[in-house]
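**Student:** Dropping a structure here in structure tokens format, bear with me for questions.
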Amino acid sequence: MTELLFRDDAYLKTATARVVAVQDGAVTLDRTVFYPLGGGQPGDTGFLIRDNGDRLAVIDTRKGVEPGTVAHRIAPGPAMPEVGEAVGLEIDWDRRYAHMRLHTALHVMSCVVVAPVTGGNISADKGRLDFDIDLALLDADRIAGGTNELIARAVPTETVWITDEELDARPELVKTMSVQPPRGAGRIRLLRIPDIDLQPCGGTHVANIAEIGGITVLRIRNEGKRNKRVEIALKG
Ligand SMILES: [Zn+2]
């Protein structure tokens, strides 16, 4: 198992860890600050730093083959670290922080557009949600205005844990039809934005929605019968 340090503190930019396995160009660690691709949020990039000073570029982070592990994909080049070796970890913070702001912005926007969410994705410069809704009901100005009004409330976000049974009793919490929360671990992580949003999410978020700053709607388009796509970017 890899201890997921970003779960408790999404603002950790560096850490030290021990190498557990090296396989197929990827390094598995006993703990990590690197978020692995999932829930529409890209895997982190950055560096693993060896004692000899070598900086190994992490070009992507994915969930490992072994359940509960994280695989850090390393760019070809310098020698890979040894199993048991201690390494420094450093994520590309500007990229990750953009993911955190956009990801949290999508939570807020999902409360402005009242419709089931059928998909979602973010990158460092834009994010999108797909809704099962009539295209004519999506208005860019109204969505941007409503989202920015909520962001201006500047409320702190909270992480809440509930049991599988509690989630079963409250199916309305699962807004994103394409991303079912992971079950079986006995407990599920929720993101709560007080008086705005509450839903299962394992991603990384900003501590206060004021950090989003504000959003603009880039475009709205038809991506299929149940997929009306709203694409947003951070303002400024
Ligand atoms: Zn989230």
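To be explicit about the labels: the chains of the structure tokens are called A, B, and onward in the order shown, and within each one the residues are counted from 1, while ligands get numbers from 1 in the order they are shown.
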At a cut-off of 10 Å, using only C-alpha atoms, what residues contact Asp139 of chain A? Leave out same-chain residues fewer than 4 positions from it and give the result as a VMD selection string.
**Tutor:** chain A and resid 113 135 143 to 145 217 219 to 220 230
**Student:** Could you give me, as CSV, every segment 69-164 of chain A residue with an atom at most 10 Å from segment 41-62 of chain A, plus its closest atom pair and distance in Å to one decimal, counting only C-alpha atoms, rows ordered by chain then number?
**Tutor:**
```
residue,atom,partner,partner_atom,distance
A:Thr69,CA,A:Arg62,CA,8.9
A:Val70,CA,A:Arg62,CA,5.9
A:Ala71,CA,A:Arg62,CA,5.3
A:His72,CA,A:Thr61,CA,4.7
A:Arg73,CA,A:Asp60,CA,5.3
A:Ile74,CA,A:Val58,CA,4.7
A:Ala75,CA,A:Ala57,CA,5.5
A:Pro76,CA,A:Ala57,CA,8.6
A:Gly77,CA,A:Leu56,CA,8.0
A:Pro78,CA,A:Leu56,CA,6.8
A:Ala79,CA,A:Leu56,CA,8.5
A:Met80,CA,A:Leu56,CA,7.9
A:Pro81,CA,A:Arg50,CA,7.2
A:Glu82,CA,A:Arg50,CA,9.9
A:Glu85,CA,A:Arg50,CA,8.3
A:Ala86,CA,A:Arg50,CA,7.4
A:Val87,CA,A:Arg50,CA,5.1
A:Gly88,CA,A:Ile49,CA,4.7
A:Leu89,CA,A:Leu48,CA,4.8
A:Glu90,CA,A:Phe47,CA,5.2
A:Ile91,CA,A:Gly46,CA,4.2
A:Asp92,CA,A:Gly46,CA,4.7
A:Trp93,CA,A:Gly46,CA,8.2
A:Arg95,CA,A:Asp44,CA,7.9
A:Arg96,CA,A:Asp44,CA,6.6
A:His99,CA,A:Gln41,CA,7.0
A:Met100,CA,A:Gln41,CA,8.8
A:Leu102,CA,A:Gln41,CA,9.5
A:His103,CA,A:Gln41,CA,7.4
A:Gly120,CA,A:Gln41,CA,8.8
A:Asn121,CA,A:Gln41,CA,6.2
A:Ile122,CA,A:Gln41,CA,5.5
A:Ser123,CA,A:Pro42,CA,6.6
A:Ala124,CA,A:Pro42,CA,8.6
A:Gly127,CA,A:Gln41,CA,9.3
```
**Student:** Can you pull out every residue with an atom within 12 Å of ligand 1? Use only C-alpha atoms and all ligand atoms and format it as JSON, numbers by chain.
**Tutor:** {"A": [7, 10, 38, 39, 40, 41, 99, 100, 101, 102, 103, 104, 105, 106, 107, 108, 109, 110, 120, 121, 122, 157, 158, 159, 174, 175, 176, 179, 181, 189, 190, 191, 192, 193, 197, 198, 199, 200, 201, 202, 203, 204, 205, 206, 207]}
**Student:** Gly186 of chain A: which residues within 9 Å, counting only C-alpha atoms, same-chain residues fewer than 6 positions away excluded, as a ChimeraX atom specification?
**Tutor:** /A:162-165
**Student:** Please provide the set of residues having any atom within 10 Å of Asn222 of chain A, restricted to only C-alpha atoms, with same-chain residues fewer than 3 positions apart removed, written as a VMD selection string.
**Tutor:** chain A and resid 130 to 131 134 to 135 225 to 230
**Student:** Go ahead and write the selection's residues with N, CA and C atoms as a tab-separated table (two decimals), in the first residue's frame.
**Tutor:**
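Output contents, as saved in out34.tsv:
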```tsv
chain	number	residue	atom	x	y	z
A	130	ASP	N	-20.06	17.25	-18.22
A	130	ASP	CA	-21.13	16.91	-19.16
A	130	ASP	C	-22.40	16.68	-18.35
A	131	PHE	N	-23.50	17.22	-18.86
A	131	PHE	CA	-24.78	17.11	-18.15
A	131	PHE	C	-25.81	16.42	-19.03
A	134	ASP	N	-31.28	19.41	-21.49
A	134	ASP	CA	-31.60	20.02	-22.78
A	134	ASP	C	-30.60	21.15	-23.04
A	135	LEU	N	-29.97	21.11	-24.20
A	135	LEU	CA	-28.93	22.10	-24.53
A	135	LEU	C	-29.45	23.54	-24.38
A	225	LYS	N	-26.51	12.52	-26.81
A	225	LYS	CA	-27.87	12.62	-26.27
A	225	LYS	C	-27.88	13.04	-24.80
A	226	ARG	N	-26.99	12.42	-24.02
A	226	ARG	CA	-26.97	12.70	-22.57
A	226	ARG	C	-25.72	13.46	-22.16
A	227	ASN	N	-25.03	14.04	-23.13
A	227	ASN	CA	-23.79	14.76	-22.82
A	227	ASN	C	-23.81	16.15	-23.42
A	228	LYS	N	-24.26	17.11	-22.61
A	228	LYS	CA	-24.17	18.51	-23.03
A	228	LYS	C	-23.01	19.09	-22.23
A	229	ARG	N	-21.96	19.48	-22.95
A	229	ARG	CA	-20.68	19.79	-22.32
A	229	ARG	C	-20.51	21.28	-22.04
A	230	VAL	N	-20.13	21.58	-20.79
A	230	VAL	CA	-19.80	22.95	-20.40
A	230	VAL	C	-18.32	22.99	-20.06
```
**Student:** Could you pull out the alpha helix (DSSP H) residues of segment 13-204 of chain A, going by DSSP on the backbone, and write them as a ChimeraX atom specification?
**Tutor:** /A:93-109,140-151,164-168
**Student:** For atom CA of Ala152 of chain A and atom CA of Ala233 of chain A, quote the distance in Å rounded to one decimal.
**Tutor:** 16.5 Å
**Student:** Please, what distance in Å, to one decimal, runs between atom CA of Tyr11 of chain A and atom CA of Val112 of chain A?
**Tutor:**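 Taking atom CA of Tyr11 of chain A as the start and atom CA of Val112 of chain A as the end point, the length is 27.0 Å.
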**Student:** Could you find all residues in segment 127-160 of chain A that DSSP calls strand (DSSP E) from the backbone, and write them as a list in words?
**Tutor:** Gly127, Arg128, Leu129, Asp130, Phe131, Glu158, Thr159 and Val160 of chain A
**Student:** Contacts of Arg153 of chain A at 10 Å or less, counting only C-alpha atoms, minus same-chain residues fewer than 2 places along, as a list of chain:residue names?
**Tutor:**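 The neighbour list is A:Asn148, A:Glu149, A:Leu150, A:Ile151, A:Val155, A:Pro156, A:Ile196, A:Asn208, A:Ile209, A:Ala210.
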**Student:** Just how far from atom CA of Ile212 of chain A is atom CA of Pro171 of chain A, in Å to one decimal?
**Tutor:**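 Atom-to-atom, atom CA of Pro171 of chain A to atom CA of Ile212 of chain A, that is 28.2 Å.
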**Student:** Measuring between only C-alpha atoms, which one of A:Val117, A:Val160, A:Val65, A:Val22 shows the shortest distance to Asp8 of chain A?
**Tutor:**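 With only C-alpha atoms as the atom set, the closest residue is A:Val160.
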